[in-house]
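Student: One file: my_file.json (JSON, C-alpha atoms).
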[["chain", "number", "residue", "atom", "x", "y", "z"],
["V", 1, "MET", "CA", 84.01, 98.59, 111.29],
["V", 2, "SER", "CA", 85.94, 96.75, 108.62],
["V", 3, "ALA", "CA", 84.73, 93.45, 107.21],
["V", 4, "ALA", "CA", 86.28, 90.18, 108.29],
["V", 5, "PRO", "CA", 88.75, 88.46, 105.94],
["V", 6, "GLY", "CA", 86.98, 86.44, 103.30],
["V", 7, "TRP", "CA", 85.64, 86.17, 99.77],
["V", 8, "TYR", "CA", 83.32, 88.93, 98.52],
["V", 9, "PRO", "CA", 81.91, 90.02, 95.14],
["V", 10, "ASP", "CA", 84.78, 91.41, 93.10],
["V", 11, "PRO", "CA", 84.57, 95.25, 93.03],
["V", 12, "THR", "CA", 86.55, 95.30, 89.79],
["V", 13, "ARG", "CA", 84.02, 92.95, 88.13],
["V", 14, "ARG", "CA", 86.90, 91.05, 86.53],
["V", 15, "LYS", "CA", 86.10, 87.88, 88.48],
["V", 16, "PRO", "CA", 83.04, 86.71, 90.45],
["V", 17, "LEU", "CA", 84.89, 86.80, 93.80],
["V", 18, "ARG", "CA", 87.92, 88.57, 95.27],
["V", 19, "TYR", "CA", 89.62, 88.02, 98.62],
["V", 20, "TRP", "CA", 89.46, 90.76, 101.27],
["V", 21, "ASP", "CA", 92.29, 90.29, 103.84],
["V", 22, "GLY", "CA", 90.60, 92.41, 106.49],
["V", 23, "GLU", "CA", 92.36, 95.60, 105.42],
["V", 24, "THR", "CA", 92.65, 95.72, 101.63],
["V", 25, "TRP", "CA", 91.50, 93.94, 98.51],
["V", 26, "THR", "CA", 94.11, 91.40, 97.37],
["V", 27, "THR", "CA", 95.04, 90.17, 93.90],
["V", 28, "TRP", "CA", 93.59, 86.73, 94.76],
["V", 29, "ALA", "CA", 90.43, 86.17, 92.70],
["V", 30, "ALA", "CA", 88.20, 83.13, 92.27],
["V", 31, "GLU", "CA", 85.99, 81.78, 89.54],
["V", 32, "ALA", "CA", 84.29, 78.38, 89.28],
["V", 33, "GLY", "CA", 85.99, 77.20, 92.47],
["V", 34, "ILE", "CA", 89.49, 78.02, 91.22],
["V", 35, "THR", "CA", 91.68, 80.57, 92.98],
["V", 36, "THR", "CA", 94.21, 82.49, 90.88],
["V", 37, "ALA", "CA", 96.48, 85.53, 91.23],
["V", 38, "ASP", "CA", 94.77, 88.22, 89.17],
["V", 39, "VAL", "CA", 96.82, 91.17, 87.89],
["V", 40, "VAL", "CA", 95.08, 94.28, 89.19],
["V", 41, "GLU", "CA", 96.92, 97.50, 89.98],
["V", 42, "ALA", "CA", 94.04, 99.78, 91.00],
["V", 43, "LEU", "CA", 92.35, 97.97, 93.92],
["V", 44, "GLU", "CA", 93.10, 100.75, 96.41],
["V", 45, "GLN", "CA", 90.34, 102.94, 94.98],
["V", 46, "PHE", "CA", 87.60, 100.51, 96.00],
["V", 47, "PRO", "CA", 86.04, 100.77, 99.48],
["V", 48, "ASP", "CA", 85.91, 97.85, 101.91],
["V", 49, "PRO", "CA", 82.81, 95.62, 101.98],
["V", 50, "HIS", "CA", 81.60, 96.83, 105.44],
["V", 51, "ASP", "CA", 80.88, 93.39, 106.86],
["V", 52, "ALA", "CA", 79.01, 92.22, 103.79],
["V", 53, "PRO", "CA", 78.55, 88.44, 104.26],
["V", 54, "PRO", "CA", 80.69, 86.15, 102.09],
["V", 55, "PRO", "CA", 78.78, 84.44, 99.28],
["V", 56, "PRO", "CA", 77.29, 81.11, 100.40],
["V", 57, "GLY", "CA", 78.32, 77.80, 98.92],
["V", 58, "HIS", "CA", 81.76, 78.85, 97.72],
["V", 59, "SER", "CA", 84.23, 76.01, 98.19],
["V", 60, "SER", "CA", 87.52, 77.69, 97.26],
["V", 61, "PRO", "CA", 89.69, 78.06, 100.37],
["V", 62, "PRO", "CA", 91.06, 81.58, 100.77],
["V", 63, "PRO", "CA", 94.83, 81.99, 101.05],
["V", 64, "ALA", "CA", 96.03, 81.88, 104.63],
["V", 65, "HIS", "CA", 96.09, 85.29, 106.28],
["V", 66, "GLY", "CA", 99.66, 86.47, 106.58],
["V", 67, "SER", "CA", 100.93, 84.23, 103.77],
["V", 68, "ALA", "CA", 103.20, 85.57, 101.07],
["V", 69, "PRO", "CA", 101.35, 87.83, 98.62],
["V", 70, "PRO", "CA", 101.15, 86.91, 94.94],
["V", 71, "GLU", "CA", 104.28, 87.71, 93.01],
["V", 72, "PRO", "CA", 104.21, 91.06, 91.19],
["V", 73, "PHE", "CA", 104.49, 91.62, 87.48],
["V", 74, "ARG", "CA", 108.14, 91.88, 86.46],
["V", 75, "ALA", "CA", 108.81, 94.73, 84.04],
["V", 76, "LEU", "CA", 110.65, 93.72, 80.86],
["V", 77, "ARG", "CA", 111.22, 96.99, 79.03],
["V", 78, "ALA", "CA", 114.66, 97.78, 80.48],
["V", 79, "LEU", "CA", 115.91, 94.28, 79.64],
["V", 80, "SER", "CA", 114.35, 94.54, 76.19],
["V", 81, "THR", "CA", 116.20, 97.81, 75.56],
["V", 82, "ALA", "CA", 119.49, 96.28, 76.72],
["V", 83, "LEU", "CA", 119.03, 93.26, 74.46],
["V", 84, "THR", "CA", 118.10, 95.48, 71.54],
["V", 85, "SER", "CA", 121.37, 97.39, 71.89],
["V", 86, "LEU", "CA", 123.47, 94.24, 72.35],
["V", 87, "LEU", "CA", 121.85, 92.47, 69.41],
["V", 88, "ALA", "CA", 122.27, 95.50, 67.14],
["V", 89, "VAL", "CA", 126.00, 95.50, 67.90],
["V", 90, "THR", "CA", 126.08, 91.72, 67.40],
["V", 91, "ILE", "CA", 124.59, 92.09, 63.92],
["V", 92, "VAL", "CA", 127.20, 94.67, 62.93],
["V", 93, "THR", "CA", 129.99, 92.51, 64.38],
["V", 94, "ALA", "CA", 128.74, 89.40, 62.54],
["V", 95, "ILE", "CA", 128.72, 91.32, 59.25],
["V", 96, "GLY", "CA", 132.28, 92.54, 59.92],
["V", 97, "MET", "CA", 133.42, 89.06, 60.86],
["V", 98, "THR", "CA", 131.99, 87.61, 57.67],
["V", 99, "LEU", "CA", 133.76, 90.20, 55.50],
["V", 100, "LEU", "CA", 137.08, 89.68, 57.28],
["V", 101, "VAL", "CA", 136.94, 85.90, 56.93],
["V", 102, "VAL", "CA", 136.04, 86.21, 53.25],
["V", 103, "ARG", "CA", 139.10, 88.46, 52.88],
["V", 104, "ARG", "CA", 141.26, 85.78, 54.53],
["V", 105, "ILE", "CA", 139.81, 83.11, 52.23],
["V", 106, "ASN", "CA", 140.73, 85.25, 49.21],
["V", 107, "LEU", "CA", 144.30, 85.58, 50.49],
["V", 108, "LEU", "CA", 144.53, 81.82, 50.98],
["V", 109, "ASP", "CA", 143.29, 81.35, 47.42],
["V", 110, "ASP", "CA", 146.00, 83.71, 46.19],
["V", 111, "VAL", "CA", 148.63, 81.71, 48.06],
["V", 112, "ASP", "CA", 147.26, 78.46, 46.61],
["V", 113, "ARG", "CA", 147.47, 79.91, 43.07],
["V", 114, "GLY", "CA", 151.04, 81.03, 43.65],
["V", 115, "ALA", "CA", 150.23, 84.75, 43.61],
["V", 116, "PHE", "CA", 152.30, 87.04, 45.78],
["V", 117, "VAL", "CA", 150.82, 87.68, 49.23],
["V", 118, "SER", "CA", 152.82, 89.66, 51.76],
["V", 119, "ARG", "CA", 153.23, 88.40, 55.30],
["V", 120, "ASP", "CA", 151.92, 91.75, 56.55],
["V", 121, "ASP", "CA", 148.63, 91.23, 54.70],
["V", 122, "LEU", "CA", 148.17, 87.77, 56.19],
["V", 123, "GLU", "CA", 149.08, 88.89, 59.71],
["V", 124, "SER", "CA", 146.88, 91.96, 59.45],
["V", 125, "VAL", "CA", 143.77, 90.00, 58.47],
["V", 126, "ASP", "CA", 144.55, 87.27, 61.03],
["V", 127, "THR", "CA", 144.79, 89.88, 63.79],
["V", 128, "ALA", "CA", 141.53, 91.50, 62.70],
["V", 129, "VAL", "CA", 139.72, 88.15, 62.59],
["V", 130, "ALA", "CA", 141.04, 87.16, 66.03],
["V", 131, "ALA", "CA", 140.06, 90.49, 67.59],
["V", 132, "THR", "CA", 136.57, 90.34, 66.05],
["V", 133, "ALA", "CA", 136.17, 86.74, 67.24],
["V", 134, "VAL", "CA", 136.98, 87.77, 70.81],
["V", 135, "TRP", "CA", 134.51, 90.65, 70.57],
["V", 136, "THR", "CA", 131.89, 88.27, 69.17],
["V", 137, "VAL", "CA", 132.34, 85.87, 72.09],
["V", 138, "LEU", "CA", 132.10, 88.69, 74.65],
["V", 139, "LEU", "CA", 128.93, 89.97, 73.01],
["V", 140, "GLY", "CA", 127.53, 86.45, 73.01],
["V", 141, "VAL", "CA", 128.15, 86.10, 76.74],
["V", 142, "ALA", "CA", 126.47, 89.45, 77.42],
["V", 143, "VAL", "CA", 123.45, 88.56, 75.28],
["V", 144, "PHE", "CA", 123.20, 85.17, 76.99],
["V", 145, "VAL", "CA", 123.20, 86.63, 80.52],
["V", 146, "VAL", "CA", 120.61, 89.32, 79.76],
["V", 147, "LEU", "CA", 118.46, 86.90, 77.75],
["V", 148, "VAL", "CA", 118.34, 84.36, 80.59],
["V", 149, "VAL", "CA", 117.17, 87.08, 83.01],
["V", 150, "PHE", "CA", 114.61, 88.26, 80.44],
["V", 151, "LEU", "CA", 113.22, 84.76, 79.86],
["V", 152, "PHE", "CA", 113.09, 84.04, 83.60],
["V", 153, "ARG", "CA", 111.05, 87.19, 84.26],
["V", 154, "ALA", "CA", 108.82, 86.63, 81.25],
["V", 155, "SER", "CA", 108.15, 83.04, 82.31],
["V", 156, "LYS", "CA", 107.27, 84.14, 85.85],
["V", 157, "ASN", "CA", 104.89, 86.76, 84.46],
["V", 158, "THR", "CA", 102.89, 84.25, 82.42],
["V", 159, "ALA", "CA", 101.74, 82.56, 85.64],
["V", 160, "LEU", "CA", 99.86, 85.75, 86.57],
["V", 161, "TRP", "CA", 97.27, 85.34, 83.82],
["V", 162, "SER", "CA", 97.49, 81.69, 82.76],
["V", 163, "PRO", "CA", 96.00, 79.25, 85.29],
["V", 164, "ALA", "CA", 97.56, 76.26, 83.51],
["V", 165, "LYS", "CA", 100.99, 75.38, 84.84],
["V", 166, "ALA", "CA", 103.79, 75.94, 82.35],
["V", 167, "ARG", "CA", 105.41, 72.75, 81.11],
["V", 168, "TRP", "CA", 108.75, 74.55, 80.84],
["V", 169, "GLY", "CA", 108.63, 76.77, 83.90],
["V", 170, "PRO", "CA", 111.02, 79.50, 85.11],
["V", 171, "GLY", "CA", 113.62, 76.99, 86.30],
["V", 172, "TRP", "CA", 114.12, 75.75, 82.77],
["V", 173, "THR", "CA", 115.00, 79.25, 81.55],
["V", 174, "ILE", "CA", 118.27, 78.79, 83.44],
["V", 175, "GLY", "CA", 118.87, 75.06, 83.80],
["V", 176, "GLY", "CA", 117.86, 74.19, 80.25],
["V", 177, "TRP", "CA", 121.05, 75.74, 78.87],
["V", 178, "PHE", "CA", 123.37, 73.48, 80.89],
["V", 179, "ILE", "CA", 122.03, 69.99, 80.14],
["V", 180, "PRO", "CA", 124.32, 68.19, 77.69],
["V", 181, "ILE", "CA", 122.72, 67.44, 74.30],
["V", 182, "ALA", "CA", 119.26, 68.50, 75.54],
["V", 183, "ALA", "CA", 120.53, 72.10, 75.64],
["V", 184, "ALA", "CA", 120.26, 72.05, 71.86],
["V", 185, "VAL", "CA", 116.45, 71.85, 72.19],
["V", 186, "ILE", "CA", 115.22, 72.91, 75.66],
["V", 187, "PRO", "CA", 115.91, 76.68, 75.39],
["V", 188, "GLY", "CA", 113.90, 76.72, 72.15],
["V", 189, "LEU", "CA", 111.01, 74.91, 73.86],
["V", 190, "VAL", "CA", 111.16, 77.36, 76.78],
["V", 191, "ALA", "CA", 111.14, 80.42, 74.52],
["V", 192, "ALA", "CA", 108.32, 79.02, 72.36],
["V", 193, "GLU", "CA", 106.14, 78.39, 75.41],
["V", 194, "ILE", "CA", 106.77, 81.89, 76.77],
["V", 195, "TRP", "CA", 105.87, 83.29, 73.35],
["V", 196, "ARG", "CA", 102.55, 81.38, 73.31],
["V", 197, "ARG", "CA", 101.61, 82.12, 76.92],
["V", 198, "SER", "CA", 102.44, 85.82, 76.55],
["V", 199, "GLN", "CA", 100.00, 86.52, 73.73],
["V", 200, "PRO", "CA", 97.13, 88.70, 74.91],
["V", 201, "PRO", "CA", 93.48, 87.77, 74.29],
["V", 202, "ASP", "CA", 91.75, 89.32, 71.32],
["V", 203, "ASP", "CA", 89.28, 92.23, 71.57],
["V", 204, "SER", "CA", 86.48, 89.88, 72.54],
["V", 205, "GLY", "CA", 88.45, 88.78, 75.60],
["V", 206, "MET", "CA", 89.08, 85.29, 74.25],
["V", 207, "PRO", "CA", 92.66, 83.91, 74.15],
["V", 208, "THR", "CA", 94.39, 83.51, 70.82],
["V", 209, "PRO", "CA", 93.33, 80.15, 69.29],
["V", 210, "ALA", "CA", 95.78, 77.36, 70.02],
["V", 211, "GLY", "CA", 96.43, 76.69, 66.33],
["V", 212, "GLU", "CA", 97.44, 80.30, 65.77],
["V", 213, "GLN", "CA", 99.68, 80.18, 68.82],
["V", 214, "ARG", "CA", 101.53, 77.11, 67.52],
["V", 215, "ALA", "CA", 101.97, 78.68, 64.09],
["V", 216, "SER", "CA", 103.25, 81.95, 65.50],
["V", 217, "ALA", "CA", 105.93, 80.14, 67.54],
["V", 218, "GLY", "CA", 107.63, 79.23, 64.27],
["V", 219, "ILE", "CA", 109.61, 82.46, 64.44],
["V", 220, "VAL", "CA", 111.06, 81.29, 67.76],
["V", 221, "TRP", "CA", 112.21, 78.04, 66.16],
["V", 222, "ALA", "CA", 113.67, 79.95, 63.19],
["V", 223, "TRP", "CA", 115.76, 81.98, 65.66],
["V", 224, "TRP", "CA", 116.87, 78.93, 67.60],
["V", 225, "THR", "CA", 117.77, 76.97, 64.45],
["V", 226, "CYS", "CA", 119.91, 79.81, 63.09],
["V", 227, "SER", "CA", 121.64, 80.14, 66.46],
["V", 228, "ILE", "CA", 122.45, 76.42, 66.70],
["V", 229, "VAL", "CA", 123.68, 76.27, 63.10],
["V", 230, "GLY", "CA", 125.92, 79.30, 63.63],
["V", 231, "ALA", "CA", 127.40, 77.86, 66.82],
["V", 232, "LEU", "CA", 128.08, 74.46, 65.22],
["V", 233, "LEU", "CA", 129.72, 75.94, 62.14],
["V", 234, "TRP", "CA", 132.08, 77.96, 64.31],
["V", 235, "GLN", "CA", 133.27, 74.73, 65.96],
["V", 236, "VAL", "CA", 134.47, 73.11, 62.72],
["V", 237, "ASP", "CA", 138.26, 72.64, 62.43],
["V", 238, "ALA", "CA", 139.05, 70.91, 59.15],
["V", 239, "GLY", "CA", 142.83, 70.75, 59.65],
["V", 240, "ASP", "CA", 146.10, 72.62, 59.12],
["V", 241, "SER", "CA", 146.81, 72.26, 55.41],
["V", 242, "LEU", "CA", 146.11, 75.17, 53.09],
["V", 243, "SER", "CA", 142.95, 73.60, 51.63],
["V", 244, "GLU", "CA", 141.76, 72.59, 55.12],
["V", 245, "LEU", "CA", 142.36, 76.08, 56.47],
["V", 246, "ARG", "CA", 140.31, 77.45, 53.60],
["V", 247, "LEU", "CA", 137.46, 75.04, 54.40],
["V", 248, "THR", "CA", 137.58, 75.99, 58.09],
["V", 249, "ASN", "CA", 137.31, 79.65, 57.18],
["V", 250, "ILE", "CA", 134.34, 78.95, 54.92],
["V", 251, "PHE", "CA", 132.54, 77.34, 57.87],
["V", 252, "ILE", "CA", 133.39, 80.34, 60.07],
["V", 253, "ALA", "CA", 132.03, 82.73, 57.46],
["V", 254, "LEU", "CA", 128.81, 80.72, 57.12],
["V", 255, "GLY", "CA", 128.46, 80.57, 60.92],
["V", 256, "SER", "CA", 128.83, 84.35, 61.15],
["V", 257, "LEU", "CA", 126.22, 84.76, 58.42],
["V", 258, "ALA", "CA", 123.79, 82.51, 60.36],
["V", 259, "TRP", "CA", 124.09, 84.74, 63.41],
["V", 260, "ILE", "CA", 122.85, 87.76, 61.47],
["V", 261, "PRO", "CA", 119.27, 86.46, 60.97],
["V", 262, "ALA", "CA", 119.44, 84.80, 64.40],
["V", 263, "SER", "CA", 120.13, 88.16, 66.06],
["V", 264, "MET", "CA", 117.45, 89.91, 64.01],
["V", 265, "LEU", "CA", 114.84, 87.28, 64.88],
["V", 266, "LEU", "CA", 115.75, 87.31, 68.57],
["V", 267, "LEU", "CA", 115.49, 91.09, 68.62],
["V", 268, "PHE", "CA", 111.97, 90.84, 67.17],
["V", 269, "ILE", "CA", 110.96, 88.06, 69.60],
["V", 270, "VAL", "CA", 112.19, 89.94, 72.68],
["V", 271, "ARG", "CA", 110.42, 93.14, 71.72],
["V", 272, "ARG", "CA", 107.20, 91.34, 70.85],
["V", 273, "ILE", "CA", 107.10, 89.35, 74.11],
["V", 274, "THR", "CA", 107.70, 92.60, 75.99],
["V", 275, "SER", "CA", 104.86, 94.25, 74.10],
["V", 276, "TYR", "CA", 102.53, 91.28, 74.69],
["V", 277, "GLN", "CA", 103.12, 91.13, 78.43],
["V", 278, "HIS", "CA", 102.95, 94.85, 79.11],
["V", 279, "GLU", "CA", 99.77, 95.05, 77.01],
["V", 280, "ARG", "CA", 98.21, 92.42, 79.26],
["V", 281, "VAL", "CA", 99.07, 94.40, 82.39],
["V", 282, "GLU", "CA", 97.86, 97.68, 80.91],
["V", 283, "ARG", "CA", 94.57, 96.09, 79.87],
["V", 284, "ALA", "CA", 94.14, 94.71, 83.38],
["V", 285, "ALA", "CA", 94.76, 98.15, 84.90],
["V", 286, "VAL", "CA", 92.21, 99.75, 82.57],
["V", 287, "GLY", "CA", 89.69, 97.03, 83.33],
["V", 288, "ALA", "CA", 90.19, 97.54, 87.06],
["V", 289, "THR", "CA", 89.12, 101.19, 86.82],
["V", 290, "THR", "CA", 85.92, 100.44, 84.86],
["V", 291, "THR", "CA", 82.78, 100.00, 86.96],
["V", 292, "ALA", "CA", 79.14, 99.42, 86.09],
["V", 293, "THR", "CA", 76.19, 99.63, 88.52],
["V", 294, "PRO", "CA", 77.20, 100.32, 92.13],
["V", 295, "LEU", "CA", 77.82, 97.32, 94.36],
["V", 296, "PRO", "CA", 75.84, 97.13, 97.63],
["V", 297, "TRP", "CA", 78.54, 98.80, 99.73],
["V", 298, "GLU", "CA", 79.06, 101.50, 97.07],
["V", 299, "ARG", "CA", 75.46, 102.74, 97.20],
["V", 300, "ARG", "CA", 74.59, 105.80, 99.23]]
Write the structure described by the file as structure tokens, please.

Tutor:
Amino acid sequence: MSAAPGWYPDPTRRKPLRYWDGETWTTWAAEAGITTADVVEALEQFPDPHDAPPPPGHSSPPPAHGSAPPEPFRALRALSTALTSLLAVTIVTAIGMTLLVVRRINLLDDVDRGAFVSRDDLESVDTAVAATAVWTVLLGVAVFVVLVVFLFRASKNTALWSPAKARWGPGWTIGGWFIPIAAAVIPGLVAAEIWRRSQPPDDSGMPTPAGEQRASAGIVWAWWTCSIVGALLWQVDAGDSLSELRLTNIFIALGSLAWIPASMLLLFIVRRITSYQHERVERAAVGATTTATPLPWERR
């Protein structure tokens, strides 16, 4: 006869108590009166508690039977691979754009000095710059879409192991980009929080100290600063005179240069967050298969 739904000693020994729904062990675990969704992928191997009585004096209410199960871990590796490819192409494109704009600046300088410059040379470089600009924008849109999905999943995942509610939750990974003026800051705050909450505990099982977490998020702000600077420089239009066109092109070249470190930093951040989160899940799975002395219902 199977045990009634309720709280029983955790067979994985990860938490003091785990909820038995009458048929299987769930991912709901409790410690010190707090119920959380614990990431465990190997509960099926543990037998049922055979009507073992629930521990007395526990005040945490179990989740309602038949309610929605805890959300699963969302894999990030496929999105990380896609972003890696897109960002690698973005870096190459930004380098090409910078070289082309520098070439156009040199031609404008020649014109200003009165040197001969053929119309074909000017049209050729203008066409190349325009085509590369279109390609840059398309790449930017693709990176944006995949990055938003990545950040949304990563933010959702952090709730599986961090009982504290995120200040910049999953909704901000989407909405934060579309708030005028604030969009210059909120996505950076969202990414920095995901970075901090994704870091796995050290070998002793303790979380990374808060001071180290804040320091390590500096790389996120370096990425976001480079991205904002690059985007702003691309918006500059100094005017239509020869000297103003030259100045505009200098800003475009500098903006393209800013996107090179921005893309490199984002590539590192995405891969590191992916590594952090999957390491957490893998550690949980290993911990779930490790047992010590048999529990009462495991003894023969």

Student: If we count all atoms listed in the file and set the cut-off at 10 Å, which residues sit around Thr90 of chain V, ignoring sequence neighbours fewer than 4 positions away in its own chain? Please answer as a list in words.

Tutor: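 With the cut-off at 10 Å, the set is Thr84, Ser85, Leu86, Ala94, Ile95, Gly96, Trp135, Thr136, Val137, Leu138, Leu139, Gly140, Val143, Trp259, Ile260, Ser263 and Met264 of chain V.
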
Student: Using the file's own x, y and z axes, so that the box edges lie along x, y and z, what centre and edge lengths in Å (one decimal) does a box around every listed atom of segment 129-146 of chain V get when 3 Å is added on each side? Give it as JSON.

Tutor:
{"center_x": 130.8, "center_y": 87.9, "center_z": 71.6, "size_x": 26.4, "size_y": 11.5, "size_z": 23.9}

Student: Show me, as a PyMOL selection string, the residues that have an atom within 12 Å of Val146 of chain V when counting all atoms listed in the file, minus same-chain residues fewer than 5 positions from it.

Tutor: chain V and resi 76+78-87+139-141+151-153+173-174+270

Student: Could you tell me how far atom CA of Thr248 of chain V lies from atom CA of Val145 of chain V, in Å and to one decimal?

Tutor: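 Between atom CA of Thr248 of chain V and atom CA of Val145 of chain V the gap is 28.7 Å.
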
Student: Atom CA of Ile273 of chain V to atom CA of Leu147 of chain V: how many Å, to one decimal?

Tutor: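 Taking atom CA of Ile273 of chain V as the start and atom CA of Leu147 of chain V as the end point, the length is 12.2 Å.
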
Student: Near Leu107 of chain V, within 12 Å and counting all atoms listed in the file, which residues show up once chain neighbours fewer than 5 positions away are dropped, as a list in words?

Tutor: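 Residues near the query, excluding close chain neighbours: Leu100, Val101, Val102, Asp112, Arg113, Gly114, Ala115, Phe116, Val117, Ser118, Arg119, Asp120, Asp121, Leu122, Glu123, Ser124, Val125, Asp126, Leu242, Leu245, Arg246 and Asn249 of chain V.
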
Student: Calculated over only C-alpha atoms, which of the candidates V:Ala222, V:Ile105, V:Ile228, V:Val149 has the smallest distance to Ala184 of chain V?

Tutor: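 Closest residue, counting only C-alpha atoms: V:Ile228.
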
Student: How would you write as a list of chain:residue names the residues that get within 7 Å of (89.5, 93.3, 105.4) in the file's frame, counting all atoms listed in the file?

Tutor: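 These residues have at least one counted atom within 7 Å: V:Ser2, V:Ala3, V:Ala4, V:Pro5, V:Trp20, V:Asp21, V:Gly22, V:Glu23, V:Thr24, V:Asp48.
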
Student: Could you tell me how far atom CA of Val281 of chain V lies from atom CA of Glu31 of chain V, in Å and to one decimal?

Tutor: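 Between these atoms lies a distance of 19.5 Å.
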
Student: Using all atoms listed in the file for the distances, tell me which of V:Trp234, V:Phe268, V:Phe178, V:Trp7 is nearest to Ala29 of chain V.

Tutor: V:Trp7

Student: Starting from the incomplete input, reconstruct N, CA and C atoms of segment 264-280 of chain V and write that as a PDB file, in the frame of the given file.

Tutor:
ATOM      1  N   MET V 264     118.618  89.125  64.422  1.00  0.00           N
ATOM      2  CA  MET V 264     117.450  89.910  64.010  1.00  0.00           C
ATOM      3  C   MET V 264     116.152  89.290  64.526  1.00  0.00           C
ATOM      4  N   LEU V 265     116.052  87.955  64.408  1.00  0.00           N
ATOM      5  CA  LEU V 265     114.840  87.280  64.880  1.00  0.00           C
ATOM      6  C   LEU V 265     114.699  87.377  66.389  1.00  0.00           C
ATOM      7  N   LEU V 266     115.810  87.209  67.113  1.00  0.00           N
ATOM      8  CA  LEU V 266     115.750  87.310  68.570  1.00  0.00           C
ATOM      9  C   LEU V 266     115.344  88.713  68.999  1.00  0.00           C
ATOM     10  N   LEU V 267     115.853  89.711  68.305  1.00  0.00           N
ATOM     11  CA  LEU V 267     115.490  91.090  68.620  1.00  0.00           C
ATOM     12  C   LEU V 267     113.972  91.268  68.475  1.00  0.00           C
ATOM     13  N   PHE V 268     113.415  90.744  67.391  1.00  0.00           N
ATOM     14  CA  PHE V 268     111.970  90.840  67.170  1.00  0.00           C
ATOM     15  C   PHE V 268     111.200  90.095  68.256  1.00  0.00           C
ATOM     16  N   ILE V 269     111.651  88.883  68.600  1.00  0.00           N
ATOM     17  CA  ILE V 269     110.960  88.060  69.600  1.00  0.00           C
ATOM     18  C   ILE V 269     110.945  88.754  70.955  1.00  0.00           C
ATOM     19  N   VAL V 270     112.096  89.285  71.371  1.00  0.00           N
ATOM     20  CA  VAL V 270     112.190  89.940  72.680  1.00  0.00           C
ATOM     21  C   VAL V 270     111.261  91.143  72.740  1.00  0.00           C
ATOM     22  N   ARG V 271     111.269  91.950  71.714  1.00  0.00           N
ATOM     23  CA  ARG V 271     110.420  93.140  71.720  1.00  0.00           C
ATOM     24  C   ARG V 271     108.942  92.777  71.661  1.00  0.00           C
ATOM     25  N   ARG V 272     108.600  91.728  70.928  1.00  0.00           N
ATOM     26  CA  ARG V 272     107.200  91.340  70.850  1.00  0.00           C
ATOM     27  C   ARG V 272     106.693  90.737  72.157  1.00  0.00           C
ATOM     28  N   ILE V 273     107.510  89.889  72.807  1.00  0.00           N
ATOM     29  CA  ILE V 273     107.100  89.350  74.110  1.00  0.00           C
ATOM     30  C   ILE V 273     106.917  90.486  75.117  1.00  0.00           C
ATOM     31  N   THR V 274     107.831  91.444  75.102  1.00  0.00           N
ATOM     32  CA  THR V 274     107.700  92.600  75.990  1.00  0.00           C
ATOM     33  C   THR V 274     106.401  93.336  75.728  1.00  0.00           C
ATOM     34  N   SER V 275     106.097  93.559  74.463  1.00  0.00           N
ATOM     35  CA  SER V 275     104.860  94.250  74.100  1.00  0.00           C
ATOM     36  C   SER V 275     103.634  93.455  74.534  1.00  0.00           C
ATOM     37  N   TYR V 276     103.644  92.134  74.292  1.00  0.00           N
ATOM     38  CA  TYR V 276     102.530  91.280  74.690  1.00  0.00           C
ATOM     39  C   TYR V 276     102.257  91.382  76.189  1.00  0.00           C
ATOM     40  N   GLN V 277     103.315  91.210  76.987  1.00  0.00           N
ATOM     41  CA  GLN V 277     103.120  91.130  78.430  1.00  0.00           C
ATOM     42  C   GLN V 277     102.714  92.477  79.031  1.00  0.00           C
ATOM     43  N   HIS V 278     103.333  93.544  78.574  1.00  0.00           N
ATOM     44  CA  HIS V 278     102.950  94.850  79.110  1.00  0.00           C
ATOM     45  C   HIS V 278     101.540  95.234  78.651  1.00  0.00           C
ATOM     46  N   GLU V 279     101.139  94.794  77.463  1.00  0.00           N
ATOM     47  CA  GLU V 279      99.770  95.050  77.010  1.00  0.00           C
ATOM     48  C   GLU V 279      98.774  94.356  77.922  1.00  0.00           C
ATOM     49  N   ARG V 280      99.106  93.136  78.345  1.00  0.00           N
ATOM     50  CA  ARG V 280      98.210  92.420  79.260  1.00  0.00           C
ATOM     51  C   ARG V 280      98.032  93.191  80.566  1.00  0.00           C
TER      52      ARG V 280
END
